[in-house]
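S.K.: This is the structure I have questions about; it appears just below.
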Amino acid sequence: MAGSKVKTFDCPACGGVVSLRAAGHSITAVCTHCSSVIDTANDNFKIILKHHQNERETDIPLGAKGVLDHVKWEVIGYVEKRDISGDAFWEEYLLFNPYFGFRFLVHGDGHWNLARVLKRDIRVNDLEPGVFLDDQEFHLFYRSTSIVEYVKGEFYWRVRKGDKARYADYIAPPRMLSVETSKQERTLSLSEYLLPGEVEQAFGVSLPGRTGVAPNQPPAFANTAPRIWWITAAALLAAFLVQINIGGQENILSRSRLHIEPAIVPKSLSTPVFYVPRRANLVVEGSAPLTNNWMDIDLSLVNDNTNTAYSATQAFEFYSGVDGGEFWSEGSTQGETWFSAVEDGTYRLVVEPSSGAVPPEGMDLLVQVKHDVPIWGNFWFIVVFILVVPLYVAWYRRYFEHRRWSNSDYAPTLNRVQWDE
Amino acid sequence: MNRVFAFYCLLMISVLAYANHRGYVFSNIFDSQSHAGGSANHYHK
């Protein structure tokens with residue numbers, strides 16, 4: 001890194017060589033050999049805290065360099081912290097660039113944030129669930145006390161294991177405002193959510209996968225949601241216009257009255273031939289004067305030229321009576337059968353009816369054949385297929401926000417989750 | 001994602017237009033009992 005000079009000195013505790021990557025900026029360094037905390041504000045290198053603990057491996061090693069936010073950073077320090085309740089654990093990598101200063105790369109549960117300390121102060125009221133920064137509202141997400149678990153590298157402030165600070169995180173995804181208050185000072189830092197892949201690519205390392213939803217993780221389908229309902233509305237309108245313009249010009253091809261005789265074995269009856277002018281759907285409507293009776297009809301739509309047949313069945317039943325002085329009925333005396341994509345040609349309809357009881361004088365079955373009937377079922381079918389996408393997006397966004405706020409004691413009502421986030 | 005969804009909607013509308021023009025009835029495709037689909041068998045009676 002241009003302008004970055006590494007200064008070394010011997011650890012006064014163990015004699016190991018300690019490197020200072022931000023010499024002149026760092027006032028605390030942790031010996032990588034014995035973990036003793038050393039005052040580096042001047043060349044006396046006094047021991048602040050003596051330790052004898054082994055150095056831990058970190059996902060990103062000290063000295064690693066990588067480009068984030070168009071700036072090349074070097075990792076010079078590492079702090080492990082946990083919430084005093086034990087519910088949360090996170091790591092903070094201190095990044096340094098001699099021209100741009102310091103940044104924090106914060107990691108927890110596989111989620112990463114690039115944070116910078118704000119040089120200005122803002123009004124924070126502990127009794128209010130939010131704060132404003134640059135006219136943007138940040139919602140309180142978590143408030144607790146952190147404790148330093150482990151440190152290594154060098155730092156521009158005094159830090160050692162066991163340091164405690166009160167902190168509060170306010171979120172406006174993908175940003176998070178953290179307010180940390182220690183005995184000495186109050187620090188405000190602004191974080192921006194990073195995808196793990198960005199950090200991996202920047203530092204050339206392999207990182208653990210994400211678990212759960214981070215406080216300031218961008219909302220699911222963040223770029224999709226605002227416009228998806230407009231696209232849906234346009235698509236439904238277009239589908240409706242298609243339906244009424246290419247939905248069929250209904251016309252009746254045949255009307256027949258077929259007389260059913262009482263018989264043990266169902267007898268085949270045939271309608272006169274009719275002409276199907278072009279390939280389209282056909283609808284066969286059958287009706288019979290049923291009274292507490294049922295009817296099953298085997299239908300065969302036979303092409304008179306090729307002798308090929310489209311087969312289907314139609315069933316309907318009608319029951320009625322008086323119960324407790326009230327008339328009741330159920331079923332219908334009519335049935336309807338759709339034939340899909342019938343080729344043009346000359347046809348007759350062969351019907352083979354069977355019924356629960358045919359009166360001795362017989363029964364008339366009325367059969368009507370319609371051609372090219374508008375199929376609204378097709379329209380509703382497509383409507384469902386179109387709506388399933390935005391409905392899934394809407395459901396998943398609520399589910400995502402529910403998971404996010406399940407980690408917080410300050411969850412707003414989900415109605416506050418706006419589509420135009 | 002929005003472009004993909006817009007393309008998907010166009011595809012669905014095209015399917016509707018084609019099906020209506022060719023006389024396909026979607027519900028018949030899933031109705032295994034009616035056998036009133038587009039395929040025709042030879043008539044034996």
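Residue numbers start at 1 in each chain; chains themselves are named A, B, ... in the order of the structure tokens; ligands are numbered from 1 in the order shown.
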Show me, as a tab-separated table, the residues of chain A having an atom within 8 Å of chain B, each with the closest atom pair and its distance in Å, using only C-alpha atoms.
M.R.:
residue	atom	partner	partner_atom	distance
A:Asn223	CA	B:Met1	CA	7.9
A:Thr224	CA	B:Asn2	CA	5.6
A:Arg227	CA	B:Asn2	CA	7.3
A:Ile228	CA	B:Asn2	CA	6.5
A:Ile231	CA	B:Ala6	CA	6.5
A:Thr232	CA	B:Cys9	CA	7.8
A:Ala235	CA	B:Cys9	CA	5.9
A:Ala238	CA	B:Ile13	CA	7.2
A:Ala239	CA	B:Ile13	CA	5.5
A:Val242	CA	B:Ala17	CA	6.1
A:Gln243	CA	B:Ala17	CA	7.3
A:Ile246	CA	B:Asn20	CA	6.1
A:Gly247	CA	B:Asn20	CA	5.6
A:Gly248	CA	B:Asn20	CA	7.0
A:Arg279	CA	B:Arg22	CA	6.4
A:Ala280	CA	B:Gly23	CA	3.9
A:Asn281	CA	B:Gly23	CA	4.5
A:Val302	CA	B:Tyr43	CA	6.8
A:Asn307	CA	B:Tyr43	CA	5.6
A:Thr308	CA	B:His42	CA	4.2
A:Ala309	CA	B:Asn41	CA	5.1
A:Tyr310	CA	B:Ala40	CA	4.8
A:Ser311	CA	B:Ala36	CA	5.6
A:Ala312	CA	B:Ser34	CA	4.8
A:Thr313	CA	B:Ser34	CA	5.6
A:Gln314	CA	B:Ser34	CA	7.8
A:Thr337	CA	B:Ala36	CA	8.0
A:Trp338	CA	B:Ala36	CA	6.8
A:Phe339	CA	B:Ala36	CA	5.1
A:Ser340	CA	B:Tyr24	CA	4.8
A:Ala341	CA	B:Gly23	CA	4.4
A:Val342	CA	B:Gly38	CA	6.5
A:Asp372	CA	B:Gly23	CA	6.9
A:Pro374	CA	B:Asn20	CA	7.8
A:Ile375	CA	B:Val25	CA	7.0
A:Gly377	CA	B:Ser27	CA	7.1
A:Asn378	CA	B:Phe26	CA	5.8
A:Phe379	CA	B:Leu16	CA	6.9
A:Phe381	CA	B:Phe26	CA	7.5
A:Ile382	CA	B:Met12	CA	6.3
A:Phe385	CA	B:Met12	CA	7.6
A:Ile386	CA	B:Cys9	CA	6.2
A:Val389	CA	B:Phe5	CA	7.8
S.K.: I want to know what sits within 10 Å of segment 324-329 of chain A, based on only C-alpha atoms, with residues of the same chain fewer than 5 positions away left out; could you give that as number ranges by chain?
M.R.: A: 292, 318-319
S.K.: Mind dumping the selected residues with C-alpha atoms as a compact mmCIF listing (two decimals), in the first residue's frame?
M.R.:
# COMPACT_ATOMS: atom_id res chain seq x y z
CA ASN A 292 -84.69 -37.47 -7.51
CA PHE A 318 -81.09 -33.66 -9.10
CA TYR A 319 -82.76 -34.37 -5.79
S.K.: So how many Å separate atom CA of Trp395 of chain A and atom CA of Trp229 of chain A, to one decimal?
M.R.: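 Between atom CA of Trp395 of chain A and atom CA of Trp229 of chain A the gap is 13.4 Å.
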S.K.: Out of segment 31-253 of chain A, which residues get alpha helix (DSSP H) from DSSP, as a PyMOL selection string?
M.R.: chain A and resi 196-203+225-245
S.K.: Could you tell me how far atom CA of Trp157 of chain A sits from atom CA of Gly108 of chain A, in Å to one decimal place?
M.R.: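 Spanning atom CA of Gly108 of chain A to atom CA of Trp157 of chain A is a straight-line distance of 22.3 Å.
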S.K.: Enter the distance from atom CA of Leu258 of chain A to atom CA of Arg278 of chain A, in Å, rounded to one decimal.
M.R.: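 According to the coordinates, atom CA of Leu258 of chain A and atom CA of Arg278 of chain A are separated by 26.2 Å.
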S.K.: Just list as a PyMOL selection string whatever in segment 15-109 of chain A DSSP marks as strand (DSSP E or B).
M.R.: chain A and resi 17-20+28-30+37-39+47-49+65-68+71-83+89-97+101-108
S.K.: Need the shell around Val75 of chain A: protein/DNA/RNA residues with any atom at most 12 Å away, counting only C-alpha atoms. Skip same-chain ones fewer than 5 positions apart. Format as number ranges by chain?
M.R.: A: 1, 20-22, 58-68, 92-97, 101-106, 152-155, 202-203
S.K.: Atoms to include: C-alpha atoms. Write the selected residues as a short mmCIF file (atom, residue, chain, number, x, y, z; two decimals), in the first residue's frame.
M.R.:
data_model
loop_
_atom_site.label_atom_id
_atom_site.label_comp_id
_atom_site.auth_asym_id
_atom_site.auth_seq_id
_atom_site.Cartn_x
_atom_site.Cartn_y
_atom_site.Cartn_z
CA MET A 1 0.00 0.00 0.00
CA LEU A 20 3.08 -1.55 13.67
CA ARG A 21 1.35 -1.05 10.33
CA ALA A 22 -0.19 2.30 11.23
CA THR A 58 -9.03 -15.23 12.10
CA ASP A 59 -10.97 -15.47 8.84
CA ILE A 60 -8.98 -12.52 7.53
CA PRO A 61 -5.36 -12.44 8.74
CA LEU A 62 -3.68 -9.30 10.05
CA GLY A 63 -1.78 -7.63 7.24
CA ALA A 64 -4.25 -8.78 4.57
CA LYS A 65 -5.04 -6.10 2.02
CA GLY A 66 -8.20 -5.68 0.04
CA VAL A 67 -10.29 -3.12 -1.85
CA LEU A 68 -13.65 -2.18 -0.36
CA GLU A 92 -14.42 -6.28 14.31
CA TYR A 93 -11.48 -6.01 11.93
CA LEU A 94 -9.77 -2.64 12.02
CA LEU A 95 -8.84 -1.50 8.51
CA PHE A 96 -6.32 1.23 7.76
CA ASN A 97 -5.42 3.33 4.78
CA GLY A 101 -7.94 6.61 7.85
CA PHE A 102 -9.72 3.78 9.58
CA ARG A 103 -12.74 1.61 8.89
CA PHE A 104 -14.24 -1.38 10.68
CA LEU A 105 -15.15 -4.59 8.97
CA VAL A 106 -17.71 -6.14 11.28
CA LYS A 152 -4.87 -8.67 18.52
CA GLY A 153 -3.08 -6.23 16.24
CA GLU A 154 -2.91 -2.50 16.76
CA PHE A 155 -5.49 0.15 17.48
CA ALA A 202 -11.62 -8.18 -1.66
CA PHE A 203 -9.31 -10.15 0.62
#
S.K.: My list of candidates is A:Asn44, A:Asn251, A:Thr181, A:Ser191. Which is closest to Val283 of chain A when distances are computed with only C-alpha atoms?
M.R.: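 Ranked by minimum distance to Val283 of chain A, first place goes to A:Asn251.
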